[in-house]
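A.B. asks: As input, take run21.tsv (TSV, C-alpha atoms and all ligand atoms):
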chain	number	residue	atom	x	y	z
A	89	MET	CA	56.96	-24.80	-56.10
A	90	SER	CA	60.27	-26.46	-55.37
A	91	ASN	CA	62.86	-25.60	-52.82
A	92	TYR	CA	64.71	-22.46	-53.99
A	93	TYR	CA	68.11	-23.87	-53.05
A	94	GLU	CA	67.43	-27.00	-55.10
A	95	VAL	CA	66.18	-24.90	-58.02
A	96	LEU	CA	69.51	-23.07	-58.18
A	97	GLY	CA	71.50	-26.18	-57.23
A	98	VAL	CA	73.28	-24.60	-54.28
A	99	SER	CA	73.60	-25.60	-50.62
A	100	ARG	CA	71.69	-23.86	-47.83
A	101	ASP	CA	74.83	-22.03	-46.67
A	102	ALA	CA	75.82	-20.80	-50.14
A	103	GLY	CA	77.22	-17.28	-50.24
A	104	ALA	CA	75.95	-14.37	-52.36
A	105	GLU	CA	78.59	-14.84	-55.06
A	106	GLU	CA	77.90	-18.56	-55.37
A	107	ILE	CA	74.15	-17.91	-55.71
A	108	LYS	CA	74.76	-15.31	-58.39
A	109	LYS	CA	77.00	-17.66	-60.36
A	110	ALA	CA	74.51	-20.51	-60.06
A	111	TYR	CA	71.71	-18.28	-61.31
A	112	ARG	CA	73.73	-16.97	-64.22
A	113	LYS	CA	74.57	-20.52	-65.29
A	114	LYS	CA	70.97	-21.77	-64.99
A	115	ALA	CA	69.55	-18.75	-66.80
A	116	ARG	CA	71.95	-19.16	-69.73
A	117	GLN	CA	71.03	-22.85	-70.01
A	118	LEU	CA	67.37	-21.90	-70.25
A	119	HIS	CA	67.84	-19.24	-72.93
A	120	PRO	CA	65.68	-20.07	-75.98
A	121	ASP	CA	68.80	-20.09	-78.17
A	122	VAL	CA	70.30	-22.83	-76.01
A	123	ALA	CA	67.36	-24.79	-74.66
A	124	GLY	CA	64.84	-24.15	-77.43
A	125	PRO	CA	61.39	-22.69	-76.77
A	126	GLY	CA	59.07	-23.59	-73.92
A	127	HIS	CA	61.23	-22.96	-70.86
A	128	GLU	CA	59.49	-19.83	-69.61
A	129	GLU	CA	58.15	-21.51	-66.48
A	130	GLU	CA	61.54	-22.93	-65.52
A	131	PHE	CA	63.14	-19.57	-66.12
A	132	LYS	CA	60.53	-17.91	-63.90
A	133	GLU	CA	61.19	-20.46	-61.19
A	134	VAL	CA	64.93	-19.94	-61.36
A	135	SER	CA	64.49	-16.17	-61.38
A	136	THR	CA	62.10	-16.26	-58.43
A	137	ALA	CA	64.57	-18.41	-56.50
A	138	TYR	CA	67.36	-15.98	-57.31
A	139	GLU	CA	65.26	-12.96	-56.46
A	140	VAL	CA	64.58	-14.39	-53.00
A	141	LEU	CA	67.98	-15.87	-52.20
A	142	SER	CA	69.95	-12.86	-53.45
A	143	ASP	CA	68.11	-10.55	-51.08
A	144	PRO	CA	69.28	-11.05	-47.47
A	145	ASP	CA	65.92	-10.00	-45.98
A	146	LYS	CA	63.84	-12.23	-48.23
A	147	ARG	CA	66.29	-15.07	-47.82
A	148	GLN	CA	65.98	-14.86	-44.04
A	149	VAL	CA	62.18	-14.94	-44.20
A	150	TYR	CA	62.39	-17.87	-46.58
A	151	ASP	CA	64.81	-19.76	-44.34
A	152	LEU	CA	62.58	-19.24	-41.33
A	153	GLY	CA	59.17	-19.90	-42.76
A	154	GLY	CA	59.74	-21.56	-46.10
A	155	GLU	CA	58.20	-20.45	-49.36
A	156	ASP	CA	54.68	-20.21	-47.90
A	157	ALA	CA	55.79	-17.35	-45.70
A	158	LEU	CA	57.14	-15.56	-48.75
A	159	ARG	CA	54.16	-16.10	-50.96
A	160	GLY	CA	51.77	-15.00	-48.22
A	161	GLY	CA	53.98	-12.04	-47.43
A	162	GLY	CA	53.35	-10.28	-50.68
A	163	PHE	CA	56.72	-10.52	-52.38
A	164	GLY	CA	58.39	-13.17	-54.43
A	165	GLY	CA	55.10	-14.61	-55.65
A	166	GLY	CA	54.15	-12.32	-58.45
A	167	PHE	CA	56.58	-12.56	-61.28
A	168	ALA	CA	55.04	-10.01	-63.61
A	169	GLY	CA	58.09	-8.94	-65.56
A	170	ALA	CA	57.46	-5.26	-65.07
A	171	ASP	CA	57.95	-5.04	-61.30
A	172	PHE	CA	60.87	-7.44	-61.33
A	173	GLY	CA	63.56	-4.84	-61.94
A	174	ASP	CA	66.62	-6.20	-63.67
A	175	LEU	CA	65.28	-9.75	-63.91
A	176	GLY	CA	62.05	-8.56	-65.51
A	177	GLY	CA	64.06	-6.95	-68.29
A	178	ILE	CA	65.98	-10.16	-68.84
A	179	PHE	CA	62.79	-12.15	-68.92
A	180	GLN	CA	61.35	-9.76	-71.49
A	181	SER	CA	64.41	-9.98	-73.67
A	182	PHE	CA	64.37	-13.78	-73.42
A	183	PHE	CA	60.74	-14.52	-73.95
A	184	GLY	CA	59.21	-11.39	-75.42
A	185	GLY	CA	57.92	-9.98	-72.18
A	186	ALA	CA	55.00	-10.84	-70.00
A	187	ALA	CA	53.40	-7.41	-70.25
A	188	GLY	CA	52.06	-6.34	-73.60
A	189	GLY	CA	53.98	-8.76	-75.74
A	190	ARG	CA	55.03	-7.40	-79.09
A	191	GLY	CA	53.40	-4.51	-80.84
A	192	PRO	CA	51.62	-1.44	-79.51
A	193	ALA	CA	49.19	-1.67	-76.62
A	194	SER	CA	45.49	-1.00	-77.04
A	195	ARG	CA	43.96	2.02	-75.33
A	196	ALA	CA	40.76	0.10	-74.82
A	197	ARG	CA	40.52	-1.55	-71.44
A	198	ARG	CA	37.71	-3.34	-69.69
A	199	GLY	CA	35.60	-1.15	-67.45
A	200	GLN	CA	35.51	-1.69	-63.71
A	201	ASP	CA	32.98	-3.86	-61.98
A	202	ALA	CA	30.46	-1.89	-59.94
A	203	LEU	CA	28.75	-2.78	-56.69
A	204	VAL	CA	25.37	-1.25	-55.92
A	205	ALA	CA	23.37	-1.82	-52.75
A	206	VAL	CA	19.65	-2.38	-53.30
A	207	GLU	CA	17.11	-2.10	-50.49
A	208	VAL	CA	14.28	-4.55	-50.96
A	209	GLU	CA	11.06	-5.32	-49.13
A	210	LEU	CA	10.20	-8.76	-47.82
A	211	ALA	CA	7.55	-9.10	-50.54
A	212	ASP	CA	10.24	-8.49	-53.19
A	213	VAL	CA	12.38	-11.37	-51.97
A	214	ALA	CA	9.34	-13.59	-51.43
A	215	PHE	CA	8.02	-13.25	-54.98
A	216	GLY	CA	10.95	-11.79	-56.92
A	217	ALA	CA	10.67	-8.28	-58.35
A	218	THR	CA	11.83	-5.89	-61.02
A	219	ARG	CA	13.22	-2.63	-59.70
A	220	THR	CA	14.72	0.53	-61.15
A	221	VAL	CA	18.01	1.34	-59.47
A	222	PRO	CA	20.04	4.54	-59.93
A	223	VAL	CA	23.68	3.71	-60.70
A	224	ASP	CA	26.53	6.22	-61.00
A	225	THR	CA	28.67	4.75	-63.74
A	226	TYR	CA	30.69	5.33	-66.87
A	227	VAL	CA	29.03	5.04	-70.26
A	228	THR	CA	30.67	5.10	-73.69
A	229	CYS	CA	30.99	8.69	-74.93
A	230	THR	CA	28.23	9.33	-77.44
A	231	THR	CA	30.20	12.09	-79.21
A	232	CYS	CA	33.22	10.01	-80.20
A	233	GLY	CA	31.78	6.54	-79.73
A	234	GLY	CA	34.77	5.57	-77.60
A	235	SER	CA	37.43	6.53	-80.15
A	236	CYS	CA	38.66	9.33	-77.83
A	237	CYS	CA	39.20	11.60	-80.91
A	238	ALA	CA	37.27	14.75	-81.74
A	239	PRO	CA	34.72	13.96	-84.46
A	240	GLY	CA	36.35	13.88	-87.90
A	241	THR	CA	39.84	13.20	-86.57
A	242	ASP	CA	41.86	10.01	-86.12
A	243	PRO	CA	44.85	9.00	-84.00
A	244	VAL	CA	48.17	9.58	-85.78
A	245	THR	CA	51.10	7.17	-85.80
A	246	CYS	CA	53.69	8.00	-83.14
A	247	SER	CA	56.85	9.39	-84.71
A	248	GLN	CA	59.14	8.36	-81.85
A	249	CYS	CA	58.50	4.63	-82.18
A	250	ASN	CA	56.99	4.52	-85.67
A	251	GLY	CA	53.86	2.98	-84.22
A	252	GLN	CA	55.72	0.13	-82.47
A	253	GLY	CA	54.71	1.33	-79.02
A	254	SER	CA	58.04	0.36	-77.53
A	255	ILE	CA	61.68	1.46	-77.61
A	256	GLN	CA	64.47	-1.16	-77.72
A	257	ARG	CA	67.80	-0.59	-76.10
A	258	MET	CA	70.84	-2.53	-74.92
A	259	THR	CA	71.17	-2.83	-71.17
A	260	ARG	CA	73.97	-4.18	-69.03
A	261	THR	CA	72.71	-6.83	-66.64
A	262	LEU	CA	74.34	-9.54	-64.61
A	263	LEU	CA	73.88	-11.82	-67.60
A	264	GLY	CA	75.82	-9.44	-69.80
A	265	GLN	CA	74.38	-7.15	-72.50
A	266	VAL	CA	70.74	-7.84	-73.22
A	267	MET	CA	68.22	-6.09	-75.39
A	268	THR	CA	65.38	-4.73	-73.32
A	269	SER	CA	62.29	-2.95	-74.51
A	270	SER	CA	60.28	-0.36	-72.64
A	271	PRO	CA	57.07	1.49	-73.49
A	272	CYS	CA	57.59	4.47	-75.80
A	273	PRO	CA	57.43	7.72	-73.83
A	274	GLY	CA	55.97	9.55	-76.83
A	275	CYS	CA	52.77	7.49	-76.96
A	276	GLN	CA	52.82	5.60	-73.62
A	277	GLY	CA	53.11	2.40	-75.63
A	278	TYR	CA	49.97	2.89	-77.72
A	279	GLY	CA	51.81	3.43	-80.99
A	280	THR	CA	49.51	6.33	-81.86
A	281	VAL	CA	48.95	9.82	-80.53
A	282	ILE	CA	45.58	11.53	-80.22
A	283	VAL	CA	46.19	15.07	-81.46
A	284	THR	CA	42.70	16.46	-80.93
A	285	PRO	CA	40.96	14.65	-78.10
A	286	CYS	CA	37.17	14.54	-77.95
A	287	LYS	CA	36.04	17.48	-75.81
A	288	ASP	CA	33.03	15.77	-74.29
A	289	CYS	CA	35.02	12.97	-72.66
A	290	SER	CA	38.45	14.68	-72.49
A	291	GLY	CA	39.78	11.94	-74.76
A	292	GLU	CA	38.81	9.12	-72.38
A	293	GLY	CA	36.14	7.66	-74.64
A	294	ARG	CA	33.61	7.47	-71.82
A	295	THR	CA	31.67	9.83	-69.61
A	296	HIS	CA	30.42	9.65	-66.05
A	297	ARG	CA	26.67	9.49	-65.77
A	298	ARG	CA	23.81	8.48	-63.53
A	299	GLN	CA	21.82	5.72	-65.13
A	300	GLU	CA	18.50	4.23	-64.14
A	301	LEU	CA	18.99	0.51	-64.51
A	302	GLU	CA	16.15	-1.94	-64.49
A	303	VAL	CA	17.21	-4.94	-62.48
A	304	SER	CA	15.40	-8.12	-61.68
A	305	ILE	CA	15.61	-9.52	-58.18
A	306	PRO	CA	15.03	-13.27	-58.00
A	307	ALA	CA	12.87	-14.73	-55.26
A	308	GLY	CA	14.75	-16.15	-52.30
A	309	VAL	CA	17.68	-13.73	-52.09
A	310	SER	CA	18.61	-12.36	-48.69
A	311	THR	CA	20.75	-9.65	-47.16
A	312	GLY	CA	24.29	-9.99	-48.48
A	313	THR	CA	23.33	-11.90	-51.62
A	314	ARG	CA	25.18	-10.49	-54.63
A	315	ILE	CA	23.56	-10.70	-58.04
A	316	ARG	CA	25.98	-10.46	-60.94
A	317	MET	CA	24.76	-8.64	-64.03
A	318	SER	CA	27.26	-9.43	-66.73
A	319	GLY	CA	28.37	-6.43	-68.79
A	320	ARG	CA	26.26	-3.89	-66.88
A	321	GLY	CA	29.18	-2.30	-64.99
A	322	GLU	CA	31.31	0.67	-66.03
A	323	ALA	CA	32.09	1.17	-69.71
A	324	GLY	CA	35.83	0.73	-70.32
A	325	PRO	CA	38.11	3.58	-71.48
A	326	ALA	CA	38.54	4.02	-75.24
A	327	GLY	CA	35.64	1.81	-76.20
A	328	GLY	CA	36.72	-1.07	-73.95
A	329	PRO	CA	34.11	-3.61	-72.85
A	330	ASN	CA	31.92	-3.02	-69.83
A	331	GLY	CA	32.69	-4.47	-66.43
A	332	ASP	CA	30.06	-6.38	-64.51
A	333	LEU	CA	27.49	-4.94	-62.14
A	334	TYR	CA	26.90	-6.56	-58.78
A	335	LEU	CA	23.74	-5.86	-56.83
A	336	GLU	CA	24.05	-6.40	-53.12
A	337	ILE	CA	20.73	-7.15	-51.49
A	338	HIS	CA	19.71	-5.43	-48.26
A	339	GLU	CA	16.41	-6.70	-46.96
A	340	LYS	CA	14.29	-4.30	-44.93
A	341	PRO	CA	12.73	-5.75	-41.80
A	342	HIS	CA	9.00	-6.39	-42.00
A	343	ASP	CA	6.51	-5.03	-39.47
A	344	PHE	CA	5.16	-8.36	-38.30
A	345	LEU	CA	6.75	-11.13	-40.37
A	346	GLU	CA	10.14	-12.52	-39.48
A	347	ARG	CA	12.14	-14.50	-41.96
A	348	GLU	CA	14.33	-17.52	-41.33
A	349	GLY	CA	15.57	-19.04	-44.56
A	350	ASP	CA	12.53	-19.62	-46.73
A	351	ASP	CA	10.12	-19.75	-43.81
A	352	LEU	CA	8.26	-16.85	-42.22
A	353	TYR	CA	7.19	-16.52	-38.61
A	354	THR	CA	4.46	-14.41	-37.07
A	355	GLU	CA	2.27	-14.27	-33.97
A	356	LEU	CA	-1.49	-14.44	-33.68
A	357	ARG	CA	-2.95	-13.05	-30.46
A	358	VAL	CA	-6.17	-14.83	-29.48
A	359	PRO	CA	-8.34	-14.39	-26.38
A	360	MET	CA	-8.23	-17.10	-23.72
A	361	THR	CA	-11.82	-18.07	-24.52
A	362	ALA	CA	-11.05	-18.57	-28.22
A	363	ALA	CA	-8.04	-20.70	-27.35
A	364	ALA	CA	-10.32	-22.85	-25.22
A	365	LEU	CA	-13.31	-23.00	-27.55
A	366	GLY	CA	-11.57	-22.85	-30.94
A	367	ALA	CA	-12.17	-20.14	-33.53
A	368	THR	CA	-11.10	-18.80	-36.91
A	369	PHE	CA	-9.20	-15.50	-37.23
A	370	PRO	CA	-8.16	-13.41	-40.22
A	371	LEU	CA	-4.39	-13.01	-40.61
A	372	GLN	CA	-2.48	-10.63	-42.88
A	373	THR	CA	0.08	-12.51	-44.99
A	374	LEU	CA	2.22	-11.54	-47.98
A	375	ASP	CA	-0.53	-13.10	-50.10
A	376	GLY	CA	-3.29	-11.00	-48.55
A	377	GLU	CA	-5.70	-11.98	-45.82
A	378	ARG	CA	-5.89	-15.66	-44.86
A	379	GLN	CA	-8.03	-17.46	-42.27
A	380	VAL	CA	-6.23	-19.19	-39.42
A	381	THR	CA	-8.13	-21.88	-37.54
A	382	VAL	CA	-7.29	-22.09	-33.86
A	383	ARG	CA	-8.40	-25.47	-32.65
A	384	PRO	CA	-10.22	-25.93	-29.32
A	385	GLY	CA	-7.84	-26.35	-26.42
A	386	SER	CA	-4.96	-24.46	-28.04
A	387	GLN	CA	-2.05	-23.79	-25.70
A	388	PRO	CA	0.26	-20.75	-25.63
A	389	ASN	CA	2.93	-21.00	-28.38
A	390	ASP	CA	1.05	-23.69	-30.26
A	391	GLU	CA	1.92	-23.33	-33.93
A	392	VAL	CA	-0.31	-23.29	-36.96
A	393	VAL	CA	1.58	-23.79	-40.25
A	394	LEU	CA	0.26	-22.25	-43.44
A	395	ASP	CA	1.94	-24.23	-46.22
A	396	GLY	CA	3.52	-22.35	-49.09
A	397	LEU	CA	2.98	-18.82	-47.76
A	398	GLY	CA	6.67	-18.22	-47.06
A	399	VAL	CA	9.51	-16.93	-49.24
A	400	GLY	CA	10.12	-18.27	-52.75
A	401	ARG	CA	13.08	-20.63	-52.90
A	402	LEU	CA	16.17	-19.27	-54.67
A	403	ARG	CA	16.59	-20.93	-58.08
A	404	ARG	CA	14.19	-23.69	-57.08
A	405	LYS	CA	10.47	-24.19	-57.32
A	406	GLY	CA	8.14	-23.71	-54.40
A	407	ARG	CA	7.98	-21.53	-51.34
A	408	GLY	CA	8.63	-21.89	-47.65
A	409	ASP	CA	5.86	-21.94	-45.05
A	410	LEU	CA	4.31	-19.38	-42.75
A	411	HIS	CA	4.48	-20.42	-39.09
A	412	VAL	CA	1.86	-18.79	-36.91
A	413	SER	CA	2.56	-18.88	-33.19
A	414	ILE	CA	-0.55	-18.67	-31.00
A	415	VAL	CA	-0.32	-16.10	-28.21
A	416	VAL	CA	-3.10	-16.67	-25.67
A	417	GLU	CA	-4.22	-13.43	-24.07
A	418	THR	CA	-5.57	-13.61	-20.56
A	419	PRO	CA	-8.24	-10.94	-19.95
A	420	THR	CA	-6.96	-8.16	-17.71
A	421	ARG	CA	-9.92	-5.88	-16.86
A	422	LEU	CA	-12.86	-8.00	-15.73
A	423	ASP	CA	-16.17	-6.42	-14.75
A	424	ASP	CA	-18.23	-7.95	-11.95
A	425	ARG	CA	-20.31	-10.19	-14.19
A	426	GLN	CA	-17.29	-11.53	-16.06
A	427	ARG	CA	-15.47	-12.23	-12.82
A	428	GLN	CA	-18.58	-14.03	-11.56
A	429	LEU	CA	-18.79	-16.18	-14.68
A	430	LEU	CA	-15.14	-17.12	-14.50
A	431	LYS	CA	-15.56	-18.06	-10.85
A	432	GLU	CA	-18.49	-20.24	-11.78
A	433	LEU	CA	-16.43	-21.83	-14.52
A	434	ALA	CA	-13.62	-22.44	-12.07
A	435	ALA	CA	-16.06	-24.00	-9.62
A	436	LEU	CA	-17.50	-26.24	-12.32
A	437	ARG	CA	-14.02	-27.41	-13.25
A	438	GLY	CA	-12.99	-27.95	-9.66
A	439	GLU	CA	-10.37	-25.24	-9.96
A	440	ASP	CA	-11.79	-22.97	-7.22
A	441	ASP	CA	-9.92	-24.48	-4.26
A	442	VAL	CA	-6.70	-22.92	-5.46
A	443	ALA	CA	-5.15	-20.61	-2.86
A	444	PRO	CA	-6.16	-17.00	-3.54
A	445	ALA	CA	-3.57	-14.88	-5.27
A	446	LYS	CA	-2.50	-12.87	-2.24
A	447	ASP	CA	0.88	-11.29	-2.34
A	448	GLU	CA	2.72	-14.06	-0.56
A	449	GLY	CA	6.09	-13.31	-2.01
A	450	VAL	CA	8.46	-15.85	-3.45
A	451	MET	CA	8.75	-17.93	-0.29
A	452	GLY	CA	5.00	-18.38	-0.03
A	453	LYS	CA	4.79	-19.58	-3.64
A	454	LEU	CA	7.64	-22.02	-3.08
A	455	LYS	CA	5.94	-23.37	0.08
A	456	GLU	CA	2.78	-23.86	-1.89
A	457	ARG	CA	4.66	-25.78	-4.48
A	458	PHE	CA	6.39	-28.11	-2.07
A	459	SER	CA	3.25	-28.81	-0.04
A	460	GLY	CA	2.24	-31.17	-2.78
A	461	ARG	CA	-0.88	-29.35	-3.82
B	501	ZN	ZN	34.26	11.42	-76.53
B	502	ZN	ZN	55.53	5.96	-79.59
When written as structure tokens, how does the structure in this file appear?
Ligand SMILES: [Zn+2]
Ligand SMILES: [Zn+2]
C.D. replies:
Amino acid sequence: MSNYYEVLGVSRDAGAEEIKKAYRKKARQLHPDVAGPGHEEEFKEVSTAYEVLSDPDKRQVYDLGGEDALRGGGFGGGFAGADFGDLGGIFQSFFGGAAGGRGPASRARRGQDALVAVEVELADVAFGATRTVPVDTYVTCTTCGGSCCAPGTDPVTCSQCNGQGSIQRMTRTLLGQVMTSSPCPGCQGYGTVIVTPCKDCSGEGRTHRRQELEVSIPAGVSTGTRIRMSGRGEAGPAGGPNGDLYLEIHEKPHDFLEREGDDLYTELRVPMTAAALGATFPLQTLDGERQVTVRPGSQPNDEVVLDGLGVGRLRRKGRGDLHVSIVVETPTRLDDRQRQLLKELAALRGEDDVAPAKDEGVMGKLKERFSGR
């Protein structure tokens, strides 16, 4: 958007009267009778500039921070016609109005979008799932089918506006007398009046109801993912189209599987002897029991990767992997024979000259370390 002072063709220190005159001149030049059709945007720009510069508070904000400050600040930006006071009326009389245009308004409006949280298990996001979700929503009234009228009746033409939906009147503005139109108070702009509203929906054309919706959850979604279901939101008033339904995924934590992206992580606890000798262990996965081979000489935190046993990739083929971290368990309660065997093993491996594990405290351990053992 251009500089507001340039738009009106005034200097930065122009006074209120000068700004008003400049606006009046520009606006007249842009009138369809003078300039021909197709100058709505220019007129909006000129009007926005005038709206800001004619208001001392807005003008000060604009002078300090420029137009960005104004647009971010919530005023000046939205030229909607209706909330523009005097200028909105002029705009309407010039260009037919931004809101509603000509003719009566329709009662039917689009329903609201709805957001529903869905709790899902890890298996659901890994494989994808179909779930039934209760949704409190609006549905089209079955009695009147959205017409809002009691069965057998129809809306009647409004006598105040003869079905036009709007009332025209002359208004004095700073541009002189202009014809402005406003919604008819007799029919709220609809052009018709519902004499006997449907009892079941109180003339709204829709009723509030809990619905069980079957929804499909694609593999690979995660907490915070929103799935849009087009046209599954609230039914609109008076037979208007449905809004959209958004499912927001909340993933429940799993007992022993942790997820990171498409990969899963878990631990496998194996005895010290199995880590040394190698062995095969059963492991519970999302795909049922699988065998994990621990190779001889496995160290703590060694990882075994089971390909393709992770979470399904969102909108892509394939699955992540399952990473199994080996936790080596040192035996804690040794009986005499076991202790003897371990001692023999230590002797065989030349590991028996290690200083006995007396409680030497931290200093003793440090000394041991620095003695170059
Ligand atoms: Zn109804
Ligand atoms: Zn009316």
A.B. asks: Taking only C-alpha atoms and all ligand atoms into account, report as a PyMOL selection string which residues have an atom no farther than 12 Å from an atom of ligand ZN 501 (chain B).
C.D. replies: chain A and resi 226-241+282+284-296+325-327
A.B. asks: Please write the residues from the selection above to a file, keeping C-alpha atoms, as a tab-separated table (two decimals), keeping the file's coordinate frame.
C.D. replies:
chain	number	residue	atom	x	y	z
A	226	TYR	CA	30.69	5.33	-66.87
A	227	VAL	CA	29.03	5.04	-70.26
A	228	THR	CA	30.67	5.10	-73.69
A	229	CYS	CA	30.99	8.69	-74.93
A	230	THR	CA	28.23	9.33	-77.44
A	231	THR	CA	30.20	12.09	-79.21
A	232	CYS	CA	33.22	10.01	-80.20
A	233	GLY	CA	31.78	6.54	-79.73
A	234	GLY	CA	34.77	5.57	-77.60
A	235	SER	CA	37.43	6.53	-80.15
A	236	CYS	CA	38.66	9.33	-77.83
A	237	CYS	CA	39.20	11.60	-80.91
A	238	ALA	CA	37.27	14.75	-81.74
A	239	PRO	CA	34.72	13.96	-84.46
A	240	GLY	CA	36.35	13.88	-87.90
A	241	THR	CA	39.84	13.20	-86.57
A	282	ILE	CA	45.58	11.53	-80.22
A	284	THR	CA	42.70	16.46	-80.93
A	285	PRO	CA	40.96	14.65	-78.10
A	286	CYS	CA	37.17	14.54	-77.95
A	287	LYS	CA	36.04	17.48	-75.81
A	288	ASP	CA	33.03	15.77	-74.29
A	289	CYS	CA	35.02	12.97	-72.66
A	290	SER	CA	38.45	14.68	-72.49
A	291	GLY	CA	39.78	11.94	-74.76
A	292	GLU	CA	38.81	9.12	-72.38
A	293	GLY	CA	36.14	7.66	-74.64
A	294	ARG	CA	33.61	7.47	-71.82
A	295	THR	CA	31.67	9.83	-69.61
A	296	HIS	CA	30.42	9.65	-66.05
A	325	PRO	CA	38.11	3.58	-71.48
A	326	ALA	CA	38.54	4.02	-75.24
A	327	GLY	CA	35.64	1.81	-76.20
A.B. asks: Give the answer as one residue: which of A:Leu335, A:Arg427, A:Gly216, A:Ala323 has the shortest atom-to-atom distance to A:Leu402, using only C-alpha atoms?
C.D. replies: A:Gly216
A.B. asks: Set out as a Markdown table a contact list for chain A and ligand ZN 502 (chain B) with a cut-off of 12 Å, giving each residue of chain A that qualifies its closest atom pair and distance in Å to one decimal, counting all atoms listed in the file, ordered by chain and rising residue number.
C.D. replies:
| residue | atom | partner | partner_atom | distance |
| --- | --- | --- | --- | --- |
| A:Gly191 | CA | B:ZN502 | ZN | 10.8 |
| A:Pro192 | CA | B:ZN502 | ZN | 8.4 |
| A:Ala193 | CA | B:ZN502 | ZN | 10.4 |
| A:Pro243 | CA | B:ZN502 | ZN | 11.9 |
| A:Val244 | CA | B:ZN502 | ZN | 10.3 |
| A:Thr245 | CA | B:ZN502 | ZN | 7.7 |
| A:Cys246 | CA | B:ZN502 | ZN | 4.5 |
| A:Ser247 | CA | B:ZN502 | ZN | 6.3 |
| A:Gln248 | CA | B:ZN502 | ZN | 4.9 |
| A:Cys249 | CA | B:ZN502 | ZN | 4.2 |
| A:Asn250 | CA | B:ZN502 | ZN | 6.4 |
| A:Gly251 | CA | B:ZN502 | ZN | 5.8 |
| A:Gln252 | CA | B:ZN502 | ZN | 6.5 |
| A:Gly253 | CA | B:ZN502 | ZN | 4.7 |
| A:Ser254 | CA | B:ZN502 | ZN | 6.5 |
| A:Ile255 | CA | B:ZN502 | ZN | 7.9 |
| A:Gln256 | CA | B:ZN502 | ZN | 11.6 |
| A:Ser270 | CA | B:ZN502 | ZN | 10.5 |
| A:Pro271 | CA | B:ZN502 | ZN | 7.7 |
| A:Cys272 | CA | B:ZN502 | ZN | 4.6 |
| A:Pro273 | CA | B:ZN502 | ZN | 6.3 |
| A:Gly274 | CA | B:ZN502 | ZN | 4.5 |
| A:Cys275 | CA | B:ZN502 | ZN | 4.1 |
| A:Gln276 | CA | B:ZN502 | ZN | 6.6 |
| A:Gly277 | CA | B:ZN502 | ZN | 5.8 |
| A:Tyr278 | CA | B:ZN502 | ZN | 6.6 |
| A:Gly279 | CA | B:ZN502 | ZN | 4.7 |
| A:Thr280 | CA | B:ZN502 | ZN | 6.4 |
| A:Val281 | CA | B:ZN502 | ZN | 7.7 |
| A:Ile282 | CA | B:ZN502 | ZN | 11.4 |
A.B. asks: Provide the atom CA of A:Asn91 to atom CA of A:Val140 distance in Å, to one decimal place.
C.D. replies: 11.3 Å
A.B. asks: Which distance in Å separates atom CA of A:Glu439 and atom CA of A:Arg421, to one decimal?
C.D. replies: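 That distance, rounded to one decimal, is 20.6 Å.
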